[in-house]
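Notes follow the structure.
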Amino acid sequence: MNVVHRARGLLALLIVGVAVLAGCAGATGGAAPGTLPAPRAAEPASPVGLTEQDVNAWLDGRLPVALENGGVPGAVVTVVQDGRILTSRGYGEARTATADAPAVPVDPASSLFRVGSVSKLATDVAVLQLVEAGELDLDEDVSTYVDVPLERRFDGDITLRHLLTHTAGFEEHLEGLFVAEGEEFSLEEYVRHEPPTQIYAPGTTPAYSNYGLALAGYIVEETTGVPFEQYVQEHVFAPAGMSASTFAQPVPDALAPQLASGYVTADGPAQDFEIIPASPAGAMSASGEDMGRFLLALLGQSSGEPILSPEMLAQMQQPALDESSLGTLAQGQRMGLGLFDESRPGHRALGHGGDTNFFHSALEIYPDDGIGIFLSLNATGDDTAAYAIRDDLLAGFTDRYLPADGGAGSERPGTVPAAGGASDAGGAGAEGAGAEGGAVERAATVAGSYESTRAMATGYMDAVTLLTPVRITAVGDGRLVASGLSLSGPQQYEEISPWVWQEVGGHRKLAVQVEDGEVVRIGHDSAMSIVPVGPGRALLLPVLATAAVLLVLVLALWPLGAIRRLAGRVLGTSPAVPAPPLPWTAHLARAGGAVALLALVGWTVAIVSAGGFAVLPAPAIRGIQVAQAIGVLALVPATVDLVRTVLPGRAHAGSEAAAEVRPLLRALRRGRRVLGAVVLVAALAGIAWSAWGLHLFSLDVSV
C-alpha cells in the first residue's frame with residue numbers, strides 16, 4: 001500500500017515538474033559573449049608557395065599523425081597545378097592486417113577509394129555532355145525524357161537544372177540507398193520505386209537530394225540506351241585517362257585486388273563493400289591519381305581528351321540559379337551545375353564532398369588559380385575524426401597555398417553599420433523585412449530553432465529532423481551563433497550585408513529570406529537550407545515524451561491496486577472501507593494505452609533500423625500503425641471513465657462500517673481517481689496529437 005501511495009505522489013509531483021519544464025523549454029535566451037565559439041585561426045602562408053617539395057613536406061607532417069590520433073587506417077591526397085598532377089600521396093593502410101593477410105599500404109596510383117557523393121560530379125558531366133550534344137535540355141521538364149511517376153505538389157516544371165542544383169524540391173529518401181552485397185538491384189528500380197514526395201516548389205529551396213542525381217543519371221541511361229556505368233566509363237573516365245575508376249558494383253575483377261576496405265575505426269574489422277543502387281549519386285570507386293586526372297579535366301586541363309567544351313565547363317562553374325527563383329538566397333553561396341561554391345577570401349573555389357558509411361572524401365578546384373585537391377579517408381574514425389581531418393586539411397591547404405590576396409571576394413566578415421540599408425538583391429527578403437533596421441535587430445529576427453530541408457517530411461521518419469534541430473542565437477552587435485549546421489560544432493557568424501552572414505574565420509555564409517518580418521528560409525552551403533520550426537511543431541516531441549512518461553506511470557499503477565487488494569485478503573489487512581475496483585472503461589483505456597506504448601517502441605525500432613539502411617517491411621509498419629490507432633481509440637473509454645469519475649454520485653457506497661470516515665475516504669479516493677483519469681486522457685491525447693503531427697499515420701510508409 002505504501003508503494004501505491006508513493007507512486008501516486010510521484011505522479012502528482014511529475015505533473016507539476018513537467019509543467020515547469022515545459023515553461024522552461026519555451027523560454028529563449030541568448031548566449032553570453034563568453035560562450036562564443038572561437039573562430040578558426042588561419043595557418044601561415046607558405047614562404048615558397050605551392051611546390052611539390054613544400055606540399056609533400058606539409059602533408060607528411062600533418063596526415064600521418066592525424067590518422068593515428070583519429071583512428072583512421074588510411075588516406076590518399078592528390079594535388080594538381082597548372083595542367084599536371086603535382087603530387088599524389090598515400091598514407092597508412094588500404095587494408096589492415098588480418099590473421100590471413102598482411103596489411104596493404106595505400107598506393108595513390110592503384111588503391112581504389114569509394115568517393116561517395118563526389119561521384120555526382122561525373123554524373124553532372126555526363127548530363128552536360130548530352131546537353132552539348134543537343135540530346136538534353138537543362139530547362140525541359142524531366143517527363144520529356146522519362147516517365148517516372150513523381151508525386152508533384154507544386155506547379156512548374158522539374159528540370160535537369162533543378163536536379164543538378166538540388167532544388168527540385170524532393171524530400172530526403174533513404175529506402176534502397178544501400179543494399180547488401182549480393183542482393184539484386186538496378187538504377188531503374190531505385191528511381192521508379194516509390195520516388196520521394198516533392199515538398200518544395202521547384203527552384204526555390206535548396207534541399208540536397210541523392211534521388212535527384214540518381215534520376216539525372218537514369219535520364220542519361222534512358223537517353224543514350226546505354227547503362228549509366230558504361231556511359232560514364234566510355235565518355236567521362238576514358239577520355240580523361242582514368243583507367244582505375246569505375247561505377248560498377250562490385251568493381252570489375254581486374255580492379256578488385258586494388259580496392260581499399262572501409263572501416264568504422266582502424267582497430268575494427270573491414271566492412272563489406274557498400275552497394276549503392278542510386279549509383280549516379282555515390283557509387284564511384286577511383287584511385288588518388290585518377291581523381292587527379294578528374295580534377296584536371298574539371299579545370300579544363302585534361303591530361304587526355306576534354307570531357308566538356310570550355311564554354312560548358314564555364315557554365316558548370318557559374319551559379320545556375322538567380323534571384324528570380326531563389327530570392328535573397330542568391331546573395332549567399334549558390335550551386336553551379338553540380339559544383340558547390342566553396343570560395344575562400346580572394347579565391348574562387350568550387351567542390352563537392354562525399355560520404356558513404358565508411359569512406360569520407362572531398363574535391364576542390366580553384367579555377368582561376370589552376371589548382372585542385374582531392375582527399376579520401378577509409379574510416380570514420382574515433383569520435384567521427386574523419387570529418388575534422390578532412391575539414392582541417394582543406395582549410396589548411398587554402399591558408400598555406402591560397403591566402404587572401406586582396407582580390408575579388410577577399411573581404412573578411414564584418415559587421416554592417418547599425419543603420420543598414422535595404423538589401424540590394426531584391427526578392428522577398430527586402431520586402432517588409434525591416435531591412436532598414438540595424439544588424440542587431442536583424443540578428444534578433446533570425447534567432448530561433450530551425451530544421452533542415454533535407455528531411456523525410458511526409459512519413460514516420462519526420463521525427464528524425466526534429467531530433468537534430470539547428471539553433472541560431474543572436475549575440476553581440478549583430479552576430480549569430482549557429483549550432484547544428486556543422487559536425488565541427490557551433491560556428492560564429494558576422495553580418496557582411498543586410499540579411500547575409502559569413503562565418504568568422506571561415507567561408508560559409510547564411511543568406512536569410514524574410515517575408516512580412518518573418519524568416520522563411522536560410523540558405524547555407526550552396527545546396528542546403530533550413531526552415532523555421534513553428535511553435536506547434538516544436539512541441540511535438542516534448543509532448544510525445546511527456547505523454548509517454550505519464551502513460552508509463554499510469555500503467556505502472558494499474559496492477560498495483562489489484563495486487564494490494566489480493567495481499568489484503570491473504571494477509572487479513574484489508575481496510576474497513578475497501579476502495580472500489582476500476583470500472584471496465586478504465587481497464588479498457590489502460591489496455592489501449594499499453595498498446596500505444598508498444599507502438600512507440602515499434603516506431604523507435606523502425607526509425608533506428610531505417611537510419612542504418614535496414615528499412616522494416618511495409619507490413620511491419622502497417623502493424624505499428626494499427627497499434628498506434630488502437631491507442632487513439634483508447635481515448636473513448638478513457639474519456640468515458642473520466643466523465644463517470646468526475647460526475648457526482650458515482651462512488652460506491654461501501655460498507656456500513658466506519659461510516660463516520662466514509663466522506664473523507666471518498667474525497668481522497670475520488671481525488672486520486674480523478675487525477676489518474678485526467679492524466680490518462682491527457683497522455684493518450686498527447687500521444688495521438690504528436691503521432692498525427694509526426695505523420696505516423698501516413699499512408700506512405702516509404703522512407
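Starting from 1 in every chain, residues are counted up; chains themselves are A, B, ... following the order of the C-alpha cells, and ligands are numbered from 1 as listed.
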Skipping near chain neighbours, those fewer than 4 positions away, what residues fall within 10 Å of Ala278 in chain A using only C-alpha atoms, listed as a CSV table (one decimal) with C-alpha atoms, in the first residue's frame?
chain,number,residue,atom,x,y,z
A,176,GLY,CA,17.1,1.4,-51.1
A,177,LEU,CA,20.1,3.8,-50.9
A,178,PHE,CA,22.3,0.9,-49.7
A,185,PHE,CA,19.5,-4.1,-57.6
A,186,SER,CA,19.1,-1.7,-60.6
A,187,LEU,CA,19.1,2.0,-61.1
A,188,GLU,CA,15.7,1.9,-62.8
A,189,GLU,CA,14.1,0.1,-59.9
A,190,TYR,CA,15.6,2.6,-57.4
A,191,VAL,CA,14.3,5.6,-59.4
A,210,ASN,CA,20.6,11.8,-53.7
A,211,TYR,CA,17.4,10.8,-55.5
A,212,GLY,CA,17.6,13.9,-57.8
A,213,LEU,CA,21.1,12.9,-59.0
A,214,ALA,CA,20.0,9.3,-59.4
A,215,LEU,CA,17.2,10.5,-61.6
A,217,GLY,CA,21.8,9.5,-64.2
A,218,TYR,CA,18.7,7.5,-65.1
A,282,GLY,CA,27.6,7.9,-55.0
A,283,ALA,CA,28.9,4.6,-56.3
Review point. Do you know which residues are at most 8 Å from Val678 in chain A counting only C-alpha atoms, after dropping those on the same chain fewer than 4 positions away, and could you put them as a VMD selection string?
Key: chain A and resid 642 674 682
**Study point:** For Val608 in chain A: contacts at 12 Å, only C-alpha atoms, fewer than 5 positions along chain excluded, given as a PyMOL selection string
**Key:** chain A and resi 460-461+463-464+601-603+613-616
Counting only C-alpha atoms, which residues of range 430-483 of chain A sit at most 7 Å from some atom of range 520-536 of chain A, and what is each one's closest atom pair with its distance in Å to one decimal, listed by chain and rising residue number, as JSON lines?
{"residue": "A:Ser449", "atom": "CA", "partner": "A:Val533", "partner_atom": "CA", "distance": 5.8}
{"residue": "A:Tyr450", "atom": "CA", "partner": "A:Pro532", "partner_atom": "CA", "distance": 4.3}
{"residue": "A:Glu451", "atom": "CA", "partner": "A:Ile530", "partner_atom": "CA", "distance": 5.3}
{"residue": "A:Ser452", "atom": "CA", "partner": "A:Ile530", "partner_atom": "CA", "distance": 4.4}
{"residue": "A:Thr453", "atom": "CA", "partner": "A:Ile530", "partner_atom": "CA", "distance": 5.4}
Produce a file of the selected residues containing N, CA and C atoms, as a compact mmCIF listing (two decimals), in the first residue's frame.
# COMPACT_ATOMS: atom_id res chain seq x y z
N SER A 449 14.84 28.38 -33.67
CA SER A 449 15.07 26.97 -33.93
C SER A 449 14.66 26.64 -35.35
N TYR A 450 15.48 25.84 -36.05
CA TYR A 450 15.26 25.53 -37.46
C TYR A 450 15.44 24.04 -37.71
N GLU A 451 14.92 23.60 -38.83
CA GLU A 451 15.12 22.22 -39.26
C GLU A 451 15.57 22.20 -40.71
N SER A 452 16.30 21.16 -41.07
CA SER A 452 16.85 21.06 -42.41
C SER A 452 15.77 20.77 -43.44
N THR A 453 15.94 21.33 -44.64
CA THR A 453 15.05 20.99 -45.74
C THR A 453 15.40 19.63 -46.33
Practice item. Apply DSSP to the backbone of this structure and, from range 74-148 of chain A, keep only the residues in strand (DSSP E or B); write these as an MDAnalysis selection string. Key: chainID A and resid 74:81 84:95 104:105 112:114 141
Suppose we keep C-alpha atoms; can you now write the selection as an mmCIF file, in the first residue's frame?
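Result file is selection34.cif:
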data_model
loop_
_atom_site.group_PDB
_atom_site.id
_atom_site.type_symbol
_atom_site.label_atom_id
_atom_site.label_comp_id
_atom_site.auth_asym_id
_atom_site.auth_seq_id
_atom_site.Cartn_x
_atom_site.Cartn_y
_atom_site.Cartn_z
ATOM 1 C CA GLY A 74 44.425 5.184 -44.477
ATOM 2 C CA ALA A 75 44.098 8.203 -46.739
ATOM 3 C CA VAL A 76 45.015 9.437 -50.176
ATOM 4 C CA VAL A 77 45.651 13.048 -51.237
ATOM 5 C CA THR A 78 46.191 14.385 -54.740
ATOM 6 C CA VAL A 79 47.083 17.958 -55.692
ATOM 7 C CA VAL A 80 47.088 19.330 -59.246
ATOM 8 C CA GLN A 81 48.524 22.572 -60.559
ATOM 9 C CA ARG A 84 49.722 18.417 -64.135
ATOM 10 C CA ILE A 85 49.452 16.228 -61.081
ATOM 11 C CA LEU A 86 51.786 17.983 -58.682
ATOM 12 C CA THR A 87 51.682 15.218 -56.103
ATOM 13 C CA SER A 88 49.656 12.170 -55.137
ATOM 14 C CA ARG A 89 50.363 10.715 -51.691
ATOM 15 C CA GLY A 90 49.150 7.614 -49.931
ATOM 16 C CA TYR A 91 49.157 7.325 -46.131
ATOM 17 C CA GLY A 92 48.526 4.380 -43.875
ATOM 18 C CA GLU A 93 46.774 1.217 -44.972
ATOM 19 C CA ALA A 94 44.235 0.496 -47.675
ATOM 20 C CA ARG A 95 43.558 -2.813 -45.924
ATOM 21 C CA VAL A 104 48.250 -3.415 -47.673
ATOM 22 C CA PRO A 105 49.585 0.169 -47.784
ATOM 23 C CA LEU A 112 40.619 2.397 -55.115
ATOM 24 C CA PHE A 113 38.673 4.502 -52.608
ATOM 25 C CA ARG A 114 34.880 4.904 -52.607
ATOM 26 C CA ASP A 141 10.686 19.035 -67.659
#
Practice item. Just list the residues in range 455-651 of chain A DSSP gives alpha helix (DSSP H) on the backbone, as an NGL selection string. Key: :A and (462-467 or 535-538 or 540-571 or 584-611 or 618-633 or 635-646)
Exercise for review: Within 12 Å of Pro149 in chain A, counting only C-alpha atoms, which residues show up once you throw out same-chain ones fewer than 3 positions away? Write them as a PyMOL selection string, please.
Suggested key: chain A and resi 142-143+146+152+191-198+215
How about saving the chosen residues, N, CA and C atoms kept, as a short mmCIF file (atom, residue, chain, number, x, y, z; two decimals), in the first residue's frame?
data_model
loop_
_atom_site.label_atom_id
_atom_site.label_comp_id
_atom_site.auth_asym_id
_atom_site.auth_seq_id
_atom_site.Cartn_x
_atom_site.Cartn_y
_atom_site.Cartn_z
N VAL A 142 11.57 16.97 -66.76
CA VAL A 142 12.18 15.65 -66.85
C VAL A 142 11.24 14.63 -67.49
N SER A 143 9.94 14.90 -67.45
CA SER A 143 8.99 13.97 -68.08
C SER A 143 9.17 13.91 -69.59
N VAL A 146 11.82 10.82 -69.37
CA VAL A 146 11.47 9.58 -68.66
C VAL A 146 10.06 9.72 -68.12
N ARG A 152 4.08 15.23 -57.54
CA ARG A 152 4.30 16.67 -57.62
C ARG A 152 3.22 17.40 -56.81
N VAL A 191 14.94 4.32 -59.01
CA VAL A 191 14.34 5.59 -59.41
C VAL A 191 12.82 5.49 -59.48
N ARG A 192 12.32 4.35 -59.93
CA ARG A 192 10.89 4.23 -60.17
C ARG A 192 10.11 3.73 -58.96
N HIS A 193 10.77 3.09 -58.01
CA HIS A 193 10.07 2.51 -56.86
C HIS A 193 9.85 3.56 -55.78
N GLU A 194 8.62 4.00 -55.63
CA GLU A 194 8.22 4.95 -54.60
C GLU A 194 9.16 6.16 -54.52
N PRO A 195 9.19 6.97 -55.57
CA PRO A 195 10.04 8.17 -55.54
C PRO A 195 9.60 9.11 -54.43
N PRO A 196 10.52 9.94 -53.95
CA PRO A 196 10.18 10.84 -52.83
C PRO A 196 9.16 11.89 -53.24
N THR A 197 8.45 12.39 -52.26
CA THR A 197 7.44 13.43 -52.49
C THR A 197 8.12 14.78 -52.69
N GLN A 198 7.57 15.58 -53.57
CA GLN A 198 8.04 16.95 -53.74
C GLN A 198 7.41 17.80 -52.63
N LEU A 215 18.10 10.27 -60.47
CA LEU A 215 17.17 10.49 -61.58
C LEU A 215 17.89 11.09 -62.78
#
Review point. Which polymer residues have any atom within 7 Å of an atom of Ala586 in chain A, counting only C-alpha atoms, with same-chain residues fewer than 6 positions away left out, as a ChimeraX atom specification?
Key: /A:637-638,641
Point to revise | Atomic distance CA of Ser361 in chain A - CA of Ala180 in chain A, expressed in Å with one decimal | key: 22.2 Å
Practice item. Can you pull out every residue within 12 Å of Gly489 in chain A, counting only C-alpha atoms, but drop anything in the same chain fewer than 3 positions away, and send it as a VMD selection string? Key: chain A and resid 36 to 40 387 to 388 470 to 471 481 to 486 492
**Study point:** Selected residue of minimal separation from Asn69 in chain A among A:Ala386, A:Ala439, A:Lys509, A:Leu684, counting only C-alpha atoms
**Key:** A:Ala386
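Across the model, the gap from CA of Ala297 in chain A to CA of Val236 in chain A is 9.3 Å.
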Practice item. Please indicate the distance in Å from CA of Asn378 in chain A to CA of Gly262 in chain A, rounded to one decimal place. Key: 5.0 Å
